[in-house]
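What follows is a short report on a single structure.
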Amino acid sequence: MTGDEYVILVVNQTKAEGEKLKELIEFMDTPNVRTAAPDEWRQVLDERRLEALFVGPDLSPEEVDALLVDVGALDPNVPIVMMDDGDRA
């Protein structure tokens with residue numbers, strides 16, 4: 001597979017926040033990074049292989065659960081990074 005067939009995916013509800021994280025990842029010389037909302041990640045991924053998944057902090061627990069189940073069914077070896085918004089009680 002070529003580099004274009006692999007993708008790092010950022011899933012986040014807020015498009016602007018997802019784009020910020022995408023830019024940070026790309027800054028580390030990772031060219032094929034995409035963003036998606038929880039309900040559109042499969043369409044964004046298309047036929048590419050998921051190299052890693054970044055899960056944004058603004059997803060609901062139900063969205064996170066569904067996403068993890070779906071990604072696990074696709075490839076249980078995909079690295080997953082759970083992002084935290086930094087707010088602490």
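Here's how to read the names in the structure tokens: chain A, B, ... by the order shown, residue numbers from 1 in each chain, ligand numbers from 1 in the order shown.
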I need the alpha helix (DSSP H) residues of chain A per DSSP on the backbone, written as a ChimeraX atom specification. /A:15-27,41-45,61-74
Residues within 6 Å of region 45-56 of chain A, only C-alpha atoms, excluding chain neighbours under 3 positions, as an mmCIF file with all heavy atoms, in the first residue's frame:
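Writing done, so here's part.cif:
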```
data_model
loop_
_atom_site.group_PDB
_atom_site.id
_atom_site.type_symbol
_atom_site.label_atom_id
_atom_site.label_comp_id
_atom_site.auth_asym_id
_atom_site.auth_seq_id
_atom_site.Cartn_x
_atom_site.Cartn_y
_atom_site.Cartn_z
ATOM 1 N N GLU A 5 -2.901 5.419 0.855
ATOM 2 C CA GLU A 5 -3.913 4.441 1.201
ATOM 3 C C GLU A 5 -4.099 4.315 2.710
ATOM 4 O O GLU A 5 -5.010 3.653 3.167
ATOM 5 C CB GLU A 5 -3.547 3.087 0.589
ATOM 6 C CG GLU A 5 -3.613 3.120 -0.933
ATOM 7 C CD GLU A 5 -3.104 1.851 -1.570
ATOM 8 O OE1 GLU A 5 -2.451 1.049 -0.880
ATOM 9 O OE2 GLU A 5 -3.347 1.674 -2.772
ATOM 10 N N TYR A 6 -3.202 4.940 3.471
ATOM 11 C CA TYR A 6 -3.306 4.962 4.929
ATOM 12 C C TYR A 6 -3.776 6.336 5.367
ATOM 13 O O TYR A 6 -3.419 7.338 4.754
ATOM 14 C CB TYR A 6 -1.943 4.688 5.576
ATOM 15 C CG TYR A 6 -1.471 3.280 5.420
ATOM 16 C CD1 TYR A 6 -0.747 2.887 4.310
ATOM 17 C CD2 TYR A 6 -1.737 2.335 6.403
ATOM 18 C CE1 TYR A 6 -0.301 1.585 4.164
ATOM 19 C CE2 TYR A 6 -1.291 1.032 6.272
ATOM 20 C CZ TYR A 6 -0.571 0.661 5.149
ATOM 21 O OH TYR A 6 -0.140 -0.623 5.027
ATOM 22 N N VAL A 7 -4.551 6.373 6.426
ATOM 23 C CA VAL A 7 -5.042 7.656 6.906
ATOM 24 C C VAL A 7 -5.096 7.650 8.429
ATOM 25 O O VAL A 7 -5.393 6.637 9.054
ATOM 26 C CB VAL A 7 -6.428 7.990 6.295
ATOM 27 C CG1 VAL A 7 -7.498 7.061 6.788
ATOM 28 C CG2 VAL A 7 -6.816 9.425 6.561
ATOM 29 N N ILE A 8 -4.752 8.792 9.001
ATOM 30 C CA ILE A 8 -4.989 9.039 10.420
ATOM 31 C C ILE A 8 -6.273 9.844 10.475
ATOM 32 O O ILE A 8 -6.420 10.852 9.771
ATOM 33 C CB ILE A 8 -3.827 9.806 11.067
ATOM 34 C CG1 ILE A 8 -2.592 8.907 11.108
ATOM 35 C CG2 ILE A 8 -4.207 10.287 12.468
ATOM 36 C CD1 ILE A 8 -1.354 9.576 11.648
ATOM 37 N N LEU A 9 -7.192 9.416 11.289
ATOM 38 C CA LEU A 9 -8.513 10.025 11.327
ATOM 39 C C LEU A 9 -8.754 10.701 12.669
ATOM 40 O O LEU A 9 -8.505 10.106 13.725
ATOM 41 C CB LEU A 9 -9.579 8.955 11.078
ATOM 42 C CG LEU A 9 -11.001 9.405 10.830
ATOM 43 C CD1 LEU A 9 -11.077 10.348 9.631
ATOM 44 C CD2 LEU A 9 -11.895 8.207 10.593
ATOM 45 N N VAL A 10 -9.227 11.946 12.620
ATOM 46 C CA VAL A 10 -9.617 12.700 13.802
ATOM 47 C C VAL A 10 -11.140 12.777 13.793
ATOM 48 O O VAL A 10 -11.726 13.343 12.871
ATOM 49 C CB VAL A 10 -9.030 14.132 13.794
ATOM 50 C CG1 VAL A 10 -9.527 14.927 14.984
ATOM 51 C CG2 VAL A 10 -7.508 14.083 13.750
ATOM 52 N N VAL A 11 -11.791 12.192 14.795
ATOM 53 C CA VAL A 11 -13.248 12.223 14.873
ATOM 54 C C VAL A 11 -13.633 13.165 16.005
ATOM 55 O O VAL A 11 -13.254 12.969 17.163
ATOM 56 C CB VAL A 11 -13.838 10.816 15.111
ATOM 57 C CG1 VAL A 11 -15.344 10.897 15.265
ATOM 58 C CG2 VAL A 11 -13.471 9.890 13.958
ATOM 59 N N ASN A 12 -14.379 14.194 15.671
ATOM 60 C CA ASN A 12 -14.749 15.241 16.614
ATOM 61 C C ASN A 12 -16.052 15.873 16.152
ATOM 62 O O ASN A 12 -16.288 15.992 14.953
ATOM 63 C CB ASN A 12 -13.628 16.300 16.629
ATOM 64 C CG ASN A 12 -13.590 17.095 17.896
ATOM 65 O OD1 ASN A 12 -13.327 16.554 18.962
ATOM 66 N ND2 ASN A 12 -13.849 18.376 17.801
ATOM 67 N N ARG A 42 -16.770 6.696 8.386
ATOM 68 C CA ARG A 42 -16.596 5.627 7.385
ATOM 69 C C ARG A 42 -16.545 6.189 5.964
ATOM 70 O O ARG A 42 -15.785 5.725 5.130
ATOM 71 C CB ARG A 42 -17.707 4.600 7.483
ATOM 72 C CG ARG A 42 -17.573 3.694 8.688
ATOM 73 C CD ARG A 42 -18.695 2.658 8.666
ATOM 74 N NE ARG A 42 -18.682 1.818 9.827
ATOM 75 C CZ ARG A 42 -18.013 0.670 9.912
ATOM 76 N NH1 ARG A 42 -17.304 0.239 8.902
ATOM 77 N NH2 ARG A 42 -18.059 -0.041 11.008
ATOM 78 N N VAL A 78 -5.942 -1.092 15.482
ATOM 79 C CA VAL A 78 -5.766 0.329 15.200
ATOM 80 C C VAL A 78 -5.457 1.069 16.507
ATOM 81 O O VAL A 78 -6.209 0.949 17.481
ATOM 82 C CB VAL A 78 -7.039 0.931 14.554
ATOM 83 C CG1 VAL A 78 -6.954 2.439 14.474
ATOM 84 C CG2 VAL A 78 -7.268 0.338 13.187
ATOM 85 N N PRO A 79 -4.361 1.829 16.543
ATOM 86 C CA PRO A 79 -4.096 2.651 17.733
ATOM 87 C C PRO A 79 -5.164 3.736 17.884
ATOM 88 O O PRO A 79 -5.538 4.384 16.903
ATOM 89 C CB PRO A 79 -2.732 3.280 17.443
ATOM 90 C CG PRO A 79 -2.142 2.485 16.328
ATOM 91 C CD PRO A 79 -3.297 1.915 15.561
ATOM 92 N N ILE A 80 -5.655 3.911 19.108
ATOM 93 C CA ILE A 80 -6.699 4.895 19.386
ATOM 94 C C ILE A 80 -6.208 5.833 20.474
ATOM 95 O O ILE A 80 -5.750 5.381 21.529
ATOM 96 C CB ILE A 80 -8.008 4.211 19.815
ATOM 97 C CG1 ILE A 80 -8.526 3.322 18.680
ATOM 98 C CG2 ILE A 80 -9.057 5.251 20.216
ATOM 99 C CD1 ILE A 80 -9.725 2.479 19.043
ATOM 100 N N VAL A 81 -6.315 7.134 20.205
ATOM 101 C CA VAL A 81 -5.935 8.163 21.170
ATOM 102 C C VAL A 81 -7.203 8.882 21.599
ATOM 103 O O VAL A 81 -7.906 9.457 20.774
ATOM 104 C CB VAL A 81 -4.939 9.170 20.548
ATOM 105 C CG1 VAL A 81 -4.583 10.259 21.543
ATOM 106 C CG2 VAL A 81 -3.693 8.445 20.047
ATOM 107 N N MET A 82 -7.489 8.817 22.891
ATOM 108 C CA MET A 82 -8.658 9.502 23.443
ATOM 109 C C MET A 82 -8.213 10.887 23.909
ATOM 110 O O MET A 82 -7.375 11.010 24.791
ATOM 111 C CB MET A 82 -9.228 8.716 24.620
ATOM 112 C CG MET A 82 -9.604 7.285 24.291
ATOM 113 S SD MET A 82 -10.962 7.136 23.120
ATOM 114 C CE MET A 82 -12.301 7.793 24.096
ATOM 115 N N MET A 83 -8.762 11.929 23.300
ATOM 116 C CA MET A 83 -8.386 13.299 23.641
ATOM 117 C C MET A 83 -9.212 13.778 24.832
ATOM 118 O O MET A 83 -10.379 13.424 24.975
ATOM 119 C CB MET A 83 -8.610 14.218 22.438
ATOM 120 C CG MET A 83 -7.858 13.768 21.179
ATOM 121 S SD MET A 83 -6.080 13.589 21.399
ATOM 122 C CE MET A 83 -5.638 15.279 21.724
#
```
Could you tell me, as a VMD selection string, which residues of chain A DSSP assigns to strand (DSSP E or B) when given the backbone? chain A and resid 6 to 11 33 to 36 49 to 55 80 to 82
Convert the current residue selection to file output with C-alpha atoms, as a short mmCIF file (atom, residue, chain, number, x, y, z; two decimals), in the first residue's frame.
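Output saved as again01.cif:
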```
data_model
loop_
_atom_site.label_atom_id
_atom_site.label_comp_id
_atom_site.auth_asym_id
_atom_site.auth_seq_id
_atom_site.Cartn_x
_atom_site.Cartn_y
_atom_site.Cartn_z
CA TYR A 6 -3.31 4.96 4.93
CA VAL A 7 -5.04 7.66 6.91
CA ILE A 8 -4.99 9.04 10.42
CA LEU A 9 -8.51 10.03 11.33
CA VAL A 10 -9.62 12.70 13.80
CA VAL A 11 -13.25 12.22 14.87
CA VAL A 33 -4.80 13.22 8.17
CA ARG A 34 -8.56 13.61 7.81
CA THR A 35 -11.30 14.89 10.10
CA ALA A 36 -14.84 13.58 10.43
CA ARG A 49 -6.64 1.75 5.76
CA LEU A 50 -7.06 3.39 9.16
CA GLU A 51 -3.56 3.94 10.57
CA ALA A 52 -4.66 5.63 13.82
CA LEU A 53 -7.75 7.22 15.34
CA PHE A 54 -7.92 10.35 17.47
CA VAL A 55 -11.22 10.66 19.36
CA ILE A 80 -6.70 4.90 19.39
CA VAL A 81 -5.94 8.16 21.17
CA MET A 82 -8.66 9.50 23.44
#
```
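Between CA of Ser60 (chain A) and CA of Leu24 (chain A) lies a distance of 23.3 Å.
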Report, in Å with one decimal, the straight-line distance from CA of Leu21 (chain A) to CA of Asp70 (chain A).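 Interatomic distance here is 22.0 Å.
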